[in-house]
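Content type TSV, C-alpha atoms, from the file input-v1.tsv:
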chain	number	residue	atom	x	y	z
D	495	MET	CA	24.78	4.19	3.63
D	496	LYS	CA	25.38	0.58	2.71
D	497	LEU	CA	23.93	-2.53	4.30
D	498	THR	CA	22.47	-5.98	3.79
D	499	ILE	CA	19.46	-7.31	5.64
D	500	PRO	CA	17.27	-10.45	5.45
D	501	LYS	CA	14.13	-9.71	3.47
D	502	ASN	CA	11.86	-10.97	6.27
D	503	ASN	CA	13.48	-8.65	8.84
D	504	LEU	CA	13.15	-5.69	6.50
D	505	SER	CA	9.55	-6.49	5.63
D	506	SER	CA	8.45	-6.87	9.27
D	507	ALA	CA	10.04	-3.60	10.43
D	508	LEU	CA	8.82	-1.74	7.36
D	509	GLN	CA	5.22	-2.85	7.82
D	510	LEU	CA	5.21	-1.49	11.37
D	511	ALA	CA	6.66	1.94	10.64
D	512	ALA	CA	5.09	2.65	7.25
D	513	ARG	CA	1.58	2.81	8.71
D	514	ALA	CA	2.42	6.21	10.22
D	515	ALA	CA	3.45	7.75	6.90
D	516	ALA	CA	1.16	10.52	5.68
D	517	THR	CA	-1.14	9.65	2.79
D	518	ARG	CA	-2.25	13.23	2.19
D	519	SER	CA	0.11	16.08	2.99
D	520	THR	CA	1.46	19.26	1.47
D	521	LEU	CA	4.91	18.15	2.68
D	522	PRO	CA	6.21	15.44	0.31
D	523	VAL	CA	8.74	14.20	2.86
D	524	LEU	CA	5.91	13.05	5.17
D	525	ALA	CA	4.98	10.43	2.59
D	526	ASN	CA	8.50	9.04	2.95
D	527	ILE	CA	10.06	6.68	5.45
D	528	LEU	CA	13.34	7.54	7.12
D	529	LEU	CA	16.01	4.84	6.94
D	530	THR	CA	18.91	5.14	9.37
D	531	ALA	CA	21.72	2.59	9.35
D	532	GLN	CA	24.19	2.50	12.23
D	533	ASN	CA	25.61	0.28	14.98
D	534	GLY	CA	24.42	-2.95	13.42
D	535	TYR	CA	20.78	-1.85	13.09
D	536	LEU	CA	18.50	-0.47	10.42
D	537	ARG	CA	15.99	1.95	11.95
D	538	LEU	CA	12.83	2.87	10.03
D	539	SER	CA	10.73	5.90	11.01
D	540	ALA	CA	7.56	7.47	9.63
D	541	THR	CA	5.25	10.22	10.81
D	542	ASP	CA	2.28	12.33	9.78
D	543	LEU	CA	3.15	14.85	12.56
D	544	GLU	CA	0.39	13.41	14.79
D	545	LEU	CA	1.65	9.85	15.04
D	546	GLY	CA	5.21	8.62	14.68
D	547	ILE	CA	6.42	5.01	14.58
D	548	THR	CA	10.02	3.86	14.67
D	549	SER	CA	11.02	0.22	14.39
D	550	GLN	CA	14.49	-1.23	14.25
D	551	THR	CA	15.95	-4.55	13.19
D	552	LEU	CA	19.37	-6.14	12.98
D	553	ALA	CA	21.32	-5.54	9.76
D	554	HIS	CA	24.85	-5.94	8.47
D	555	VAL	CA	25.82	-2.26	8.23
D	556	GLN	CA	28.90	-1.63	6.13
D	557	GLU	CA	28.51	2.14	5.95
D	558	SER	CA	26.38	4.26	8.27
D	559	GLY	CA	23.99	6.79	6.78
D	560	ALA	CA	20.40	7.92	6.39
D	561	THR	CA	17.88	8.88	3.74
D	562	THR	CA	14.15	9.03	3.15
D	563	ILE	CA	12.30	7.22	0.38
D	564	PRO	CA	8.60	6.93	-0.57
D	565	ALA	CA	7.04	4.66	2.06
D	566	ARG	CA	4.26	3.20	-0.08
D	567	THR	CA	6.51	2.45	-3.05
D	568	PHE	CA	9.20	0.90	-0.89
D	569	ALA	CA	6.70	-1.25	1.00
D	570	ASP	CA	5.05	-2.47	-2.20
D	571	LEU	CA	8.44	-3.33	-3.67
D	572	VAL	CA	9.69	-5.22	-0.61
D	573	LYS	CA	6.56	-7.38	-0.62
D	574	THR	CA	7.47	-8.68	-4.08
D	575	LEU	CA	11.14	-9.42	-3.38
D	576	PRO	CA	12.27	-13.04	-3.19
D	577	GLU	CA	13.46	-14.54	0.09
D	578	GLY	CA	17.06	-13.84	0.91
D	579	GLU	CA	19.39	-10.93	1.57
D	580	VAL	CA	18.43	-7.44	0.48
D	581	SER	CA	21.21	-4.98	-0.34
D	582	LEU	CA	20.57	-1.26	0.24
D	583	THR	CA	23.13	1.26	-1.00
D	584	LEU	CA	22.66	5.04	-0.96
D	585	LYS	CA	24.17	7.21	-3.69
D	586	PRO	CA	24.51	10.55	-1.83
D	587	ALA	CA	25.19	12.62	-4.95
D	588	THR	CA	21.73	11.89	-6.33
D	589	GLU	CA	19.99	10.83	-3.07
D	590	THR	CA	19.10	7.55	-4.75
D	591	LEU	CA	18.73	4.26	-2.91
D	592	HIS	CA	19.87	1.25	-4.90
D	593	ILE	CA	18.01	-1.92	-3.93
D	594	ARG	CA	19.11	-5.38	-4.91
D	595	CYS	CA	17.69	-8.79	-4.02
D	596	GLY	CA	18.28	-11.90	-6.13
D	597	ALA	CA	17.65	-10.97	-9.74
D	598	THR	CA	15.78	-7.76	-8.76
D	599	LYS	CA	17.39	-4.36	-9.03
D	600	ALA	CA	15.62	-1.07	-8.31
D	601	ASP	CA	16.47	2.56	-7.67
D	602	LEU	CA	14.31	4.80	-5.48
D	603	LYS	CA	14.76	8.56	-5.50
D	604	GLY	CA	14.71	10.02	-2.01
D	605	ILE	CA	14.70	13.24	-0.03
D	606	PRO	CA	17.63	14.02	2.28
D	607	ALA	CA	17.24	12.81	5.86
D	608	LYS	CA	17.88	16.33	7.17
D	609	ASP	CA	14.52	17.40	5.73
D	610	PHE	CA	12.63	14.77	7.74
D	611	PRO	CA	10.93	16.03	10.92
D	612	PRO	CA	12.10	14.60	14.26
D	613	VAL	CA	10.18	11.42	15.08
D	614	GLU	CA	11.92	9.70	17.94
D	615	MET	CA	11.90	11.10	21.45
D	616	GLN	CA	14.28	10.38	24.28
D	617	ASP	CA	12.72	8.07	26.83
D	618	THR	CA	13.32	9.74	30.19
D	619	GLY	CA	12.74	6.54	32.13
D	620	LYS	CA	9.78	8.08	33.92
D	621	GLY	CA	6.29	6.70	33.47
D	622	LEU	CA	5.33	3.08	33.98
D	623	LYS	CA	5.72	-0.39	32.55
D	624	VAL	CA	2.81	-2.56	31.50
D	625	GLU	CA	2.66	-6.15	30.31
D	626	ILE	CA	2.09	-6.04	26.55
D	627	PRO	CA	-0.72	-8.66	26.38
D	628	THR	CA	-2.63	-6.81	29.11
D	629	LEU	CA	-2.32	-3.42	27.44
D	630	LYS	CA	-3.35	-4.82	24.06
D	631	GLU	CA	-6.43	-6.41	25.63
D	632	MET	CA	-7.37	-3.15	27.37
D	633	ILE	CA	-7.05	-1.21	24.12
D	634	GLN	CA	-9.24	-3.75	22.34
D	635	GLN	CA	-11.87	-3.48	25.07
D	636	VAL	CA	-12.34	0.28	24.79
D	637	VAL	CA	-11.07	1.76	21.53
D	638	PHE	CA	-14.15	0.81	19.49
D	639	ALA	CA	-16.29	3.08	21.69
D	640	ALA	CA	-14.37	6.24	20.75
D	641	SER	CA	-16.32	8.69	18.60
D	642	ARG	CA	-15.62	9.19	14.91
D	643	ASP	CA	-17.43	12.53	14.92
D	644	GLU	CA	-14.85	15.31	14.75
D	645	ALA	CA	-17.29	17.84	16.27
D	646	ARG	CA	-16.02	16.84	19.75
D	647	PRO	CA	-12.31	16.06	19.31
D	648	VAL	CA	-11.88	14.88	22.91
D	649	LEU	CA	-14.22	11.95	22.22
D	650	ASN	CA	-12.02	10.92	19.29
D	651	GLY	CA	-9.53	9.92	21.95
D	652	VAL	CA	-9.15	7.44	24.77
D	653	LEU	CA	-8.60	8.50	28.35
D	654	LEU	CA	-5.43	6.96	29.77
D	655	LYS	CA	-5.19	7.46	33.51
D	656	ALA	CA	-2.57	6.16	35.93
D	657	LYS	CA	-3.19	6.70	39.61
D	658	GLY	CA	-1.82	4.78	42.54
D	659	ASN	CA	-1.45	1.23	41.34
D	660	ARG	CA	-4.32	1.42	38.82
D	661	LEU	CA	-4.27	1.99	35.08
D	662	THR	CA	-7.56	2.97	33.44
D	663	LEU	CA	-8.55	3.31	29.80
D	664	ALA	CA	-11.95	4.80	28.90
D	665	ALA	CA	-13.65	5.77	25.65
D	666	ALA	CA	-17.08	7.21	24.88
D	667	ASP	CA	-19.02	8.65	21.97
D	668	GLY	CA	-22.03	10.13	23.78
D	669	PHE	CA	-24.10	6.97	23.33
D	670	ARG	CA	-21.87	4.41	25.01
D	671	LEU	CA	-18.92	4.17	27.36
D	672	ALA	CA	-16.27	1.47	27.66
D	673	VAL	CA	-13.92	1.29	30.66
D	674	ALA	CA	-11.03	-1.11	31.27
D	675	GLU	CA	-8.90	-1.15	34.42
D	676	MET	CA	-5.93	-3.13	35.67
D	677	SER	CA	-3.64	-3.25	38.69
D	678	LEU	CA	-0.04	-2.12	38.16
D	679	ALA	CA	2.95	-3.94	39.55
D	680	GLN	CA	4.23	-0.58	40.80
D	681	GLU	CA	2.82	2.75	41.88
D	682	ALA	CA	2.23	5.23	39.04
D	683	VAL	CA	4.96	7.82	38.66
D	684	GLU	CA	4.76	10.66	41.20
D	685	ASP	CA	1.10	11.70	41.49
D	686	GLY	CA	0.08	9.73	38.41
D	687	PHE	CA	-1.16	11.27	35.18
D	688	GLN	CA	-4.25	11.58	33.03
D	689	VAL	CA	-4.07	12.16	29.27
D	690	VAL	CA	-6.26	11.73	26.19
D	691	VAL	CA	-4.63	9.67	23.43
D	692	PRO	CA	-6.07	9.65	19.88
D	693	ALA	CA	-7.87	6.36	19.31
D	694	ARG	CA	-6.02	5.84	16.05
D	695	ALA	CA	-2.68	5.94	17.87
D	696	LEU	CA	-3.77	3.16	20.24
D	697	VAL	CA	-5.08	1.05	17.36
D	698	GLU	CA	-1.72	1.33	15.61
D	699	LEU	CA	0.13	0.69	18.87
D	700	ALA	CA	-1.80	-2.52	19.53
D	701	ARG	CA	-1.10	-3.66	15.98
D	702	ALA	CA	2.62	-2.88	16.23
D	703	LEU	CA	3.39	-4.30	19.66
D	704	PRO	CA	4.86	-7.79	19.90
D	705	THR	CA	2.93	-10.57	21.61
D	706	ALA	CA	4.96	-10.68	24.82
D	707	GLY	CA	7.17	-8.56	27.06
D	708	GLU	CA	6.68	-5.12	28.57
D	709	VAL	CA	6.03	-1.70	27.11
D	710	HIS	CA	7.14	1.50	28.83
D	711	LEU	CA	4.78	4.45	28.49
D	712	ALA	CA	5.24	8.04	29.57
D	713	PRO	CA	3.59	11.39	28.72
D	714	LEU	CA	6.07	14.10	27.77
D	715	SER	CA	5.60	17.64	26.43
D	716	GLY	CA	2.15	17.20	24.93
D	717	LYS	CA	2.97	13.75	23.59
D	718	ILE	CA	3.03	10.19	24.86
D	719	ILE	CA	5.77	7.64	24.23
D	720	PHE	CA	5.32	3.88	24.06
D	721	GLN	CA	8.69	2.13	24.05
D	722	THR	CA	9.87	-1.47	23.69
D	723	GLU	CA	13.29	-2.81	22.80
D	724	ASN	CA	12.80	-2.45	19.04
D	725	LEU	CA	9.77	-0.17	18.74
D	726	GLN	CA	8.83	3.37	19.64
D	727	VAL	CA	5.38	4.88	19.05
D	728	VAL	CA	5.00	8.61	19.72
D	729	SER	CA	1.60	10.28	19.57
D	730	GLN	CA	0.37	13.82	20.01
D	731	LEU	CA	-2.09	14.11	22.88
D	732	ILE	CA	-5.55	15.67	22.58
D	733	ASP	CA	-5.45	18.91	24.54
D	734	ALA	CA	-8.83	18.68	26.26
D	735	ASN	CA	-10.39	17.36	29.44
D	736	PHE	CA	-12.11	14.01	29.12
D	737	PRO	CA	-15.71	14.05	30.43
D	738	GLU	CA	-16.36	12.88	34.00
D	739	TYR	CA	-17.34	9.45	32.81
D	740	GLU	CA	-17.73	7.90	36.25
D	741	ALA	CA	-20.91	9.93	36.81
D	742	VAL	CA	-22.78	7.99	34.09
D	743	ILE	CA	-21.89	4.51	35.36
D	744	PRO	CA	-24.99	3.03	37.06
D	745	ARG	CA	-24.32	2.05	40.67
D	746	THR	CA	-27.60	0.21	41.32
D	747	TYR	CA	-30.08	-1.82	39.31
D	748	GLU	CA	-33.70	-2.93	39.40
D	749	THR	CA	-33.29	-5.76	36.88
D	750	ARG	CA	-30.26	-8.00	36.35
D	751	ALA	CA	-29.86	-10.83	33.86
D	752	VAL	CA	-27.02	-13.32	33.44
D	753	LEU	CA	-26.83	-14.82	29.96
D	754	THR	CA	-24.54	-17.07	27.96
D	755	LYS	CA	-22.40	-14.68	25.93
D	756	ALA	CA	-22.33	-16.80	22.78
D	757	ALA	CA	-26.12	-17.21	22.71
D	758	PHE	CA	-26.73	-13.52	23.38
D	759	LEU	CA	-24.25	-12.45	20.69
D	760	ASN	CA	-25.90	-14.80	18.19
D	761	ALA	CA	-29.35	-13.40	19.06
D	762	CYS	CA	-28.03	-9.86	18.57
D	763	SER	CA	-26.51	-10.83	15.22
D	764	GLN	CA	-29.89	-12.15	14.07
D	765	ALA	CA	-31.68	-9.03	15.33
D	766	ALA	CA	-29.17	-6.80	13.54
D	767	ILE	CA	-30.30	-8.18	10.18
D	768	PHE	CA	-33.70	-6.55	10.72
D	769	ALA	CA	-32.70	-3.66	13.00
D	770	THR	CA	-30.33	-2.25	10.39
D	771	HIS	CA	-33.37	-0.84	8.60
D	772	GLU	CA	-34.67	0.83	11.78
D	773	ASN	CA	-31.65	2.69	13.21
D	774	ASN	CA	-30.43	-0.53	14.85
D	775	VAL	CA	-33.17	-0.43	17.50
D	776	THR	CA	-33.52	-3.79	19.23
D	777	ARG	CA	-35.97	-4.54	22.05
D	778	LEU	CA	-35.05	-6.60	25.09
D	779	ASP	CA	-37.82	-8.02	27.30
D	780	PHE	CA	-36.71	-9.33	30.69
D	781	THR	CA	-38.90	-11.82	32.53
D	782	PRO	CA	-37.66	-12.59	36.09
D	783	SER	CA	-36.99	-16.16	37.18
D	784	ASN	CA	-39.16	-16.28	40.32
D	785	GLY	CA	-38.03	-19.82	41.12
D	786	VAL	CA	-38.02	-21.00	37.50
D	787	PRO	CA	-35.61	-20.26	34.64
D	788	GLY	CA	-35.97	-16.66	33.54
D	789	GLN	CA	-36.11	-15.41	29.99
D	790	VAL	CA	-34.80	-12.57	27.85
D	791	LEU	CA	-36.52	-11.85	24.55
D	792	VAL	CA	-34.36	-10.18	21.90
D	793	ALA	CA	-36.53	-8.71	19.14
D	794	ALA	CA	-36.21	-6.43	16.13
D	795	GLN	CA	-38.55	-5.40	13.34
D	796	ALA	CA	-38.47	-3.39	10.15
D	797	ALA	CA	-41.56	-2.00	8.45
D	798	GLU	CA	-40.52	-3.15	4.97
D	799	THR	CA	-38.64	-6.33	5.90
D	800	GLY	CA	-40.41	-8.09	8.72
D	801	GLU	CA	-39.58	-9.02	12.28
D	802	GLN	CA	-37.47	-11.44	14.29
D	803	GLN	CA	-37.17	-12.55	17.88
D	804	SER	CA	-35.03	-14.91	19.96
D	805	GLU	CA	-35.89	-16.32	23.38
D	806	LEU	CA	-32.89	-16.81	25.65
D	807	PRO	CA	-32.98	-18.67	28.96
D	808	GLY	CA	-31.08	-17.04	31.79
D	809	SER	CA	-31.01	-16.00	35.39
D	810	VAL	CA	-33.16	-12.86	35.68
D	811	GLU	CA	-33.64	-11.15	39.03
D	812	GLY	CA	-35.60	-8.05	39.99
D	813	LYS	CA	-38.47	-6.45	38.10
D	814	PRO	CA	-39.80	-7.24	34.62
D	815	LEU	CA	-38.40	-4.72	32.13
D	816	THR	CA	-38.63	-3.77	28.49
D	817	ILE	CA	-35.80	-1.66	27.11
D	818	ALA	CA	-34.22	-0.94	23.73
D	819	PHE	CA	-30.57	-0.60	22.77
D	820	ASN	CA	-28.56	-0.06	19.62
D	821	VAL	CA	-27.83	-3.66	18.64
D	822	ARG	CA	-24.54	-2.71	16.96
D	823	TYR	CA	-23.28	-1.35	20.25
D	824	LEU	CA	-24.29	-4.56	22.00
D	825	GLN	CA	-22.41	-6.59	19.41
D	826	ASP	CA	-19.29	-4.42	19.70
D	827	ALA	CA	-19.18	-4.88	23.46
D	828	LEU	CA	-19.89	-8.61	23.41
D	829	LYS	CA	-17.15	-9.28	20.85
D	830	VAL	CA	-14.43	-8.03	23.20
D	831	ILE	CA	-15.62	-10.09	26.17
D	832	ASP	CA	-13.80	-13.39	26.50
D	833	VAL	CA	-15.76	-15.19	29.23
D	834	PRO	CA	-18.73	-17.60	28.97
D	835	GLU	CA	-21.31	-15.40	30.70
D	836	ILE	CA	-22.26	-11.73	30.76
D	837	ALA	CA	-24.49	-9.68	33.06
D	838	LEU	CA	-26.89	-6.93	32.02
D	839	GLU	CA	-27.96	-4.52	34.76
D	840	MET	CA	-30.71	-1.91	34.30
D	841	THR	CA	-32.88	0.42	36.36
D	842	ALA	CA	-35.52	1.71	33.92
D	843	PRO	CA	-36.33	1.87	30.18
D	844	ASN	CA	-35.03	5.44	29.96
D	845	CYS	CA	-31.83	4.93	31.99
D	846	PRO	CA	-28.40	3.65	30.90
D	847	GLY	CA	-27.77	-0.07	31.01
D	848	LEU	CA	-24.59	-1.73	32.22
D	849	LEU	CA	-23.01	-4.74	30.55
D	850	ARG	CA	-20.12	-6.60	32.18
D	851	PRO	CA	-18.42	-10.01	32.05
D	852	VAL	CA	-19.30	-12.41	34.86
D	853	GLY	CA	-16.33	-13.43	36.96
D	854	GLN	CA	-13.90	-10.99	35.36
D	855	GLU	CA	-13.17	-7.66	36.98
D	856	GLY	CA	-11.86	-4.63	35.20
D	857	PHE	CA	-14.21	-4.15	32.22
D	858	LEU	CA	-17.63	-2.59	31.90
D	859	HIS	CA	-19.72	-1.12	29.12
D	860	VAL	CA	-22.48	1.47	29.55
D	861	LEU	CA	-25.14	1.87	26.85
D	862	MET	CA	-27.71	4.63	26.50
D	863	PRO	CA	-31.24	3.30	25.80
D	864	MET	CA	-33.13	4.02	22.60
D	865	HIS	CA	-36.77	4.89	22.02
D	866	LEU	CA	-38.88	1.85	21.30
D	867	TYR	CA	-40.71	1.60	17.99
D	868	ASN	CA	-44.49	1.62	18.09
Go ahead and express the file in the form of C-alpha cells.
Amino acid sequence: MKLTIPKNNLSSALQLAARAAATRSTLPVLANILLTAQNGYLRLSATDLELGITSQTLAHVQESGATTIPARTFADLVKTLPEGEVSLTLKPATETLHIRCGATKADLKGIPAKDFPPVEMQDTGKGLKVEIPTLKEMIQQVVFAASRDEARPVLNGVLLKAKGNRLTLAAADGFRLAVAEMSLAQEAVEDGFQVVVPARALVELARALPTAGEVHLAPLSGKIIFQTENLQVVSQLIDANFPEYEAVIPRTYETRAVLTKAAFLNACSQAAIFATHENNVTRLDFTPSNGVPGQVLVAAQAAETGEQQSELPGSVEGKPLTIAFNVRYLQDALKVIDVPEIALEMTAPNCPGLLRPVGQEGFLHVLMPMHLYN
C-alpha cells in the first residue's frame, strides 16, 4: 500500500471512522482502524462489533493495499501534522505503516487487515431515502430521552418505524417520551419496518453525516445500514419489542398553556439551580386567562438552599392546575424545540403532561408528573 493524501482530507475521514473503534476489548484489532487504499480512494473503517463506521476520501493511490493500525495513536498523530500532503507507505514484511508529512516521519506497527472483522455491508438498494438535515433534526429531538439504565436494554434504543409515507422516531426512559415524525417522499419499502436502534449509534450517525444531501437507510439481518456517498454507518439492532408508546400520549386536556419558549426555558434554568437539591422537582401553577392574560408560576425550593419562583405571562385555558415535573426533563425538551412558542397540555396533577411546539407538527414530548414537596 502506497499513497499520498491531503492532511485535511485524511483528518476529516479519520475523525469520523475512529469514533467506532473499541476503547476496551479483549481483541486488540478492535482498537485499530482499517485502512484500505484502492481505486483512487482511501477507505477508513472501525468497529467495536456493535457499531461500525466507514468513511472514504479521495487519495493518490500508487499501490493498492490494506492494513490496520491503532486508531487512537494514528488520530492523535494526524492532528499534529502540518498542512500539506501526507505519505502513507506499508511495509508488508513487518506490517509497519510509514507516515511522512513535511519534516515529520513516523512508523506505526499494525495488525494484518485479514484479522479485522467485516465492517461494511452491501447496500441492497432496499429501504428508504431521507433528507439528511431532517433526519439529523429528528435524532436530536428524541435521542436524549433514551434510557441510560441497562436494566431494560430496549429503552437504551430508539424506535425507528417506517410505515406508509411516515417515518417515526421515538425514545423513552420510563419517565418521559419523545416522538418525532416526518412525511416521506416515497412509500416505505414493502410493508414498512420497525426496528430499535441503539441510541449511541444514532448520536454517532448524526455527528458523522454531512450537512446536506440524502442518506439511504435499510434494516438487514439484525443490523441497520445508513449510507451516503462517502460514509457508511452499520449498527447492530436491539432484539426486543419497543413498548406501545402511543398508549401513554394524552389525547385530551383540562388545562392548556401557550408560553414563549425562551422565557419558559430561562425560568426552568433558574428553577434548576434550586431543584437540583430536591430531585429536580419543580412546581408549575397554571392560572387561566378568563379574559385577561393568564399566568404560569414556575417554582422550586430546597430545604438547605432556599426557594425561587418566576411568573410567566401566557395564554392559559381550562381549569387552574398545580403540577410538578422534573425540571431537567423540561429543559431537555425545550432545548430541541426551535420555534418561538410552546404548548403545555395537562389533565390532572397525577397524569402525564404533553409538551409540543406551537405551529410545528411532528414533535411531541410526554412527561410523567412528580410528587410535590410539602
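Shortest separation to Pro713 in chain D among D:Gly812, D:Gly686, D:Gly853, D:Gly621 occurs at residue D:Gly621, atoms counted being only C-alpha atoms.
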(request) Pick out the residues sitting within 12 Å of Leu791 in chain D, and hand them over as a list in words; count only C-alpha atoms, and ignore anything fewer than 3 positions along from it in its own chain. (result)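 After dropping sequence-adjacent residues, the list is Ala751, Leu753, Ala757, Phe758, Ala761, Cys762, Ala765, Thr776, Arg777, Leu778, Asp779, Phe780, Thr781, Pro782, Gly788, Ala794, Gln802, Gln803, Ser804, Glu805, Leu806, Pro807, Gly808, Val810, Pro814, Leu815, Thr816, Ile817 and Ala818 of chain D.
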(message) Which residue is closest to Ser809 in chain D? Choose from D:Gln556, D:Gln789, D:Gln726, D:Gln825 and count only C-alpha atoms.
(response) D:Gln789
Can I get the residues of range 586-669 of chain D within 12 Å of range 829-846 of chain D, each with the closest pair of atoms and their distance in Å to one decimal, using all atoms listed in the file, sorted chain first then ascending number, as CSV?
residue,atom,partner,partner_atom,distance
D:Lys630,CA,D:Val830,CA,11.6
D:Glu631,CA,D:Val830,CA,8.5
D:Met632,CA,D:Val830,CA,9.5
D:Ile633,CA,D:Val830,CA,10.1
D:Gln634,CA,D:Val830,CA,6.8
D:Gln635,CA,D:Val830,CA,5.5
D:Val636,CA,D:Val830,CA,8.7
D:Val637,CA,D:Val830,CA,10.5
D:Phe638,CA,D:Val830,CA,9.6
D:Ala639,CA,D:Val830,CA,11.4
D:Gly668,CA,D:Pro846,CA,11.5
D:Phe669,CA,D:Pro846,CA,9.3
Per-residue nearest contacts of range 760-837 of chain D to range 670-676 of chain D (10 Å; all atoms listed in the file) as CSV:
residue,atom,partner,partner_atom,distance
D:Asn820,CA,D:Arg670,CA,9.7
D:Tyr823,CA,D:Arg670,CA,7.6
D:Leu824,CA,D:Arg670,CA,9.8
D:Ala827,CA,D:Ala672,CA,8.2
If we count all atoms listed in the file, what is near range 565-577 of chain D at a cut-off of 7 Å, once residues fewer than 2 positions away on the same chain are taken out, given as a PDB file with C-alpha atoms, in the coordinates of the input?
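part_28.pdb written:
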ATOM      1  CA  LYS D 501      14.130  -9.710   3.470  1.00  0.00           C
ATOM      2  CA  SER D 505       9.550  -6.490   5.630  1.00  0.00           C
ATOM      3  CA  LEU D 508       8.820  -1.740   7.360  1.00  0.00           C
ATOM      4  CA  ALA D 512       5.090   2.650   7.250  1.00  0.00           C
ATOM      5  CA  ALA D 515       3.450   7.750   6.900  1.00  0.00           C
ATOM      6  CA  ALA D 525       4.980  10.430   2.590  1.00  0.00           C
ATOM      7  CA  ASN D 526       8.500   9.040   2.950  1.00  0.00           C
ATOM      8  CA  ILE D 527      10.060   6.680   5.450  1.00  0.00           C
ATOM      9  CA  ILE D 563      12.300   7.220   0.380  1.00  0.00           C
ATOM     10  CA  CYS D 595      17.690  -8.790  -4.020  1.00  0.00           C
ATOM     11  CA  GLY D 596      18.280 -11.900  -6.130  1.00  0.00           C
TER      12      GLY D 596
END
(request) Could you give me, as a list of chain:residue names, the residues within 9 Å of Ile499 in chain D, counting only C-alpha atoms and dropping anything in the same chain fewer than 6 positions from it? (result)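 With the cut-off at 9 Å, the set is D:Leu536, D:Thr551, D:Leu552, D:Ala553, D:His554, D:Val555, D:Gly578, D:Glu579, D:Val580, D:Ser581, D:Leu582.
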Hey, can you spit out that residue selection with C-alpha atoms as an mmCIF file, in the frame of the given file?
data_model
loop_
_atom_site.group_PDB
_atom_site.id
_atom_site.type_symbol
_atom_site.label_atom_id
_atom_site.label_comp_id
_atom_site.auth_asym_id
_atom_site.auth_seq_id
_atom_site.Cartn_x
_atom_site.Cartn_y
_atom_site.Cartn_z
ATOM 1 C CA LEU D 536 18.500 -0.470 10.420
ATOM 2 C CA THR D 551 15.950 -4.550 13.190
ATOM 3 C CA LEU D 552 19.370 -6.140 12.980
ATOM 4 C CA ALA D 553 21.320 -5.540 9.760
ATOM 5 C CA HIS D 554 24.850 -5.940 8.470
ATOM 6 C CA VAL D 555 25.820 -2.260 8.230
ATOM 7 C CA GLY D 578 17.060 -13.840 0.910
ATOM 8 C CA GLU D 579 19.390 -10.930 1.570
ATOM 9 C CA VAL D 580 18.430 -7.440 0.480
ATOM 10 C CA SER D 581 21.210 -4.980 -0.340
ATOM 11 C CA LEU D 582 20.570 -1.260 0.240
#
(message) List the spatial neighbours of Ile719 in chain D as a VMD selection string - criterion: any atom at most 12 Å away, all atoms listed in the file, same-chain residues fewer than 3 positions off excluded.
(response) chain D and resid 545 to 548 613 to 623 689 691 695 to 696 699 709 to 716 722 725 to 731
(request) Select, from D:Ile593, D:Asp685, D:Met864, D:Leu759, the residue with the minimum atom-to-atom distance to Asn659 in chain D, counting all atoms listed in the file. (result) D:Asp685
(message) Considering only C-alpha atoms, can you say which of D:Asn503, D:Val752, D:His771, D:Thr799 comes closest to Pro787 in chain D?
(response)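 Among D:Asn503, D:Val752, D:His771, D:Thr799, it is D:Val752 that comes nearest to Pro787 in chain D.
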(request) Could you jot down the CA of Pro500 in chain D to CA of His592 in chain D separation for me, Å, one decimal place? (result) 15.8 Å
(message) One decimal, in Å: what's the spacing between CA of Val648 in chain D and CA of Phe857 in chain D?
(response) 21.3 Å
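Of note, CA of Leu591 in chain D and CA of Leu543 in chain D are spaced 24.4 Å apart.
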(request) Determine, counting all atoms listed in the file, which protein, DNA and RNA residues have an atom within 7 Å of an atom of Ala531 in chain D; residues of the same chain fewer than 5 positions away are not included. Present the result as a list in words. (result) Met495, Leu536, Arg537, Val555, Ser558, Gly559 and Ala560 of chain D
(request) Rank nothing, just name the residue among D:Ala766, D:Val860, D:Ala597, D:Leu510 nearest to Glu698 in chain D, using only C-alpha atoms. (result)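 Among D:Ala766, D:Val860, D:Ala597, D:Leu510, it is D:Leu510 that comes nearest to Glu698 in chain D.
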(message) For a quick check of understanding, using all atoms listed in the file, which of D:Gln550, D:Thr628, D:Thr746, D:Gln688 has the smallest distance to Glu708 in chain D?
(response) D:Thr628
